[in-house]
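A.B. asks: Encoded as structure tokens, here's the structure I'll be asking about.
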Amino acid sequence: MSLSLPAATADLAQTAAAFAHWRAATPVGARIPEDLWSQAVALAARHGVSKVAATLRLDYAGLKRRLTALTPPPVPTAAPPAFVELVLGGPPASTPGCVLIVSDARGRSLRIEWTASDAHAVAAVACRLWEAAP
């Protein structure tokens with residue numbers, strides 16, 4: 001049996017030959033021995049699951065599952081922060097203008113325009129002016 005391994009390394013080619021020998025000497029449907037699986041998993045960790053699965057003619061999902069089972073999940077080195085402070089560099093270069101229009105049932109209205117970024121202060125002043133109006 002001839003395997004085309006253009007960019008395969010020696011260890012991958014050697015394992016491919018071992019798989020080919022095992023397949024030739026074993027009836028169809030037999031389980032792959034654990035030592036061959038171990039070699040395949042070790043190669044998948046070095047060369048990637050896709051390349052090894054294709055070269056060794058293995059099930060991609062099965063090989064990936066075996067590799068994932070051997071690889072422990074990454075342990076975080078530090079706990080994530082409980083609070084993150086966001087510091088801005090100051091107000092934007094051009095502060096947008098705002099308009100506040102207050103009107104009542106009698107048709108009176110009050111219009112205030114400003115470019116300050118403190119809307120609460122302007123609203124408080126408008127409410128005081130409105131309450132003081134006769």
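We name chains A, B, ... following the order of the structure tokens; residues begin at 1 in each chain, and ligands are numbered from 1 as shown.
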So which residues touch region 65-69 of chain A within 7 Å, counting only C-alpha atoms, skipping near sequence neighbours fewer than 3 positions away, as a PyMOL selection string?
C.D. replies: chain A and resi 41+61-62
A.B. asks: Restricted to C-alpha atoms, what would the selected residues look like written as a CSV table (one decimal), in the first residue's frame?
C.D. replies:
```csv
chain,number,residue,atom,x,y,z
A,41,VAL,CA,-3.0,11.2,19.8
A,61,ALA,CA,-14.1,13.5,15.8
A,62,GLY,CA,-12.9,10.4,17.5
```
A.B. asks: Could you pull out all residues of region 2-60 of chain A with a DSSP call of alpha helix (DSSP H) and give them as a PyMOL selection string?
C.D. replies: chain A and resi 10-25+34-47+49-56+60
A.B. asks: Print the selection's residues with C-alpha atoms to a file, as a PDB file, in the first residue's frame.
C.D. replies:
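The result, written out as result.pdb:
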```pdb
ATOM      1  CA  ALA A  10       9.219  10.756   9.759  1.00  0.00           C
ATOM      2  CA  ASP A  11       7.231   9.963  12.901  1.00  0.00           C
ATOM      3  CA  LEU A  12       3.925  10.499  11.088  1.00  0.00           C
ATOM      4  CA  ALA A  13       5.064   8.316   8.184  1.00  0.00           C
ATOM      5  CA  GLN A  14       6.218   5.625  10.608  1.00  0.00           C
ATOM      6  CA  THR A  15       2.862   5.601  12.412  1.00  0.00           C
ATOM      7  CA  ALA A  16       1.028   5.533   9.075  1.00  0.00           C
ATOM      8  CA  ALA A  17       3.032   2.427   8.152  1.00  0.00           C
ATOM      9  CA  ALA A  18       2.123   0.816  11.504  1.00  0.00           C
ATOM     10  CA  PHE A  19      -1.572   1.542  10.883  1.00  0.00           C
ATOM     11  CA  ALA A  20      -1.322   0.134   7.353  1.00  0.00           C
ATOM     12  CA  HIS A  21       0.341  -3.046   8.666  1.00  0.00           C
ATOM     13  CA  TRP A  22      -2.321  -3.426  11.386  1.00  0.00           C
ATOM     14  CA  ARG A  23      -5.159  -2.912   8.880  1.00  0.00           C
ATOM     15  CA  ALA A  24      -3.664  -5.499   6.521  1.00  0.00           C
ATOM     16  CA  ALA A  25      -3.331  -8.107   9.282  1.00  0.00           C
ATOM     17  CA  GLU A  34      -4.583   1.457  22.358  1.00  0.00           C
ATOM     18  CA  ASP A  35      -0.882   1.712  21.524  1.00  0.00           C
ATOM     19  CA  LEU A  36      -1.755   2.848  17.985  1.00  0.00           C
ATOM     20  CA  TRP A  37      -4.323   5.291  19.372  1.00  0.00           C
ATOM     21  CA  SER A  38      -1.686   6.649  21.767  1.00  0.00           C
ATOM     22  CA  GLN A  39       0.708   7.247  18.886  1.00  0.00           C
ATOM     23  CA  ALA A  40      -2.050   8.955  16.866  1.00  0.00           C
ATOM     24  CA  VAL A  41      -3.024  11.222  19.775  1.00  0.00           C
ATOM     25  CA  ALA A  42       0.608  12.193  20.390  1.00  0.00           C
ATOM     26  CA  LEU A  43       1.009  13.038  16.694  1.00  0.00           C
ATOM     27  CA  ALA A  44      -2.254  15.021  16.695  1.00  0.00           C
ATOM     28  CA  ALA A  45      -0.928  17.124  19.560  1.00  0.00           C
ATOM     29  CA  ARG A  46       2.162  17.985  17.478  1.00  0.00           C
ATOM     30  CA  HIS A  47       0.859  18.138  13.911  1.00  0.00           C
ATOM     31  CA  VAL A  49      -5.900  16.655  14.374  1.00  0.00           C
ATOM     32  CA  SER A  50      -6.918  17.216  10.755  1.00  0.00           C
ATOM     33  CA  LYS A  51      -3.551  16.304   9.254  1.00  0.00           C
ATOM     34  CA  VAL A  52      -3.111  13.203  11.429  1.00  0.00           C
ATOM     35  CA  ALA A  53      -6.682  11.991  10.933  1.00  0.00           C
ATOM     36  CA  ALA A  54      -6.345  12.314   7.158  1.00  0.00           C
ATOM     37  CA  THR A  55      -2.904  10.692   7.004  1.00  0.00           C
ATOM     38  CA  LEU A  56      -3.788   7.789   9.295  1.00  0.00           C
ATOM     39  CA  TYR A  60     -11.535  13.211  12.949  1.00  0.00           C
TER      40      TYR A  60
END
```
A.B. asks: Compile the contact shell of Leu129 (chain A) as a list in words: residues with an atom at most 12 Å away, counting only C-alpha atoms, same-chain residues fewer than 4 positions apart removed.
C.D. replies: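 Listed by chain and then number, they are Val102, Ser109, Leu110, Arg111, Ile112, Val122, Ala123, Ala124, Val125, Ala133 and Pro134 of chain A.
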A.B. asks: Ranking A:Asp59, A:Glu131, A:Pro76, A:Gly48 by minimum distance to Asp104 (chain A) and counting only C-alpha atoms, which one comes first?
C.D. replies: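 Once distances to Asp104 (chain A) are computed over only C-alpha atoms, the minimum belongs to A:Glu131.
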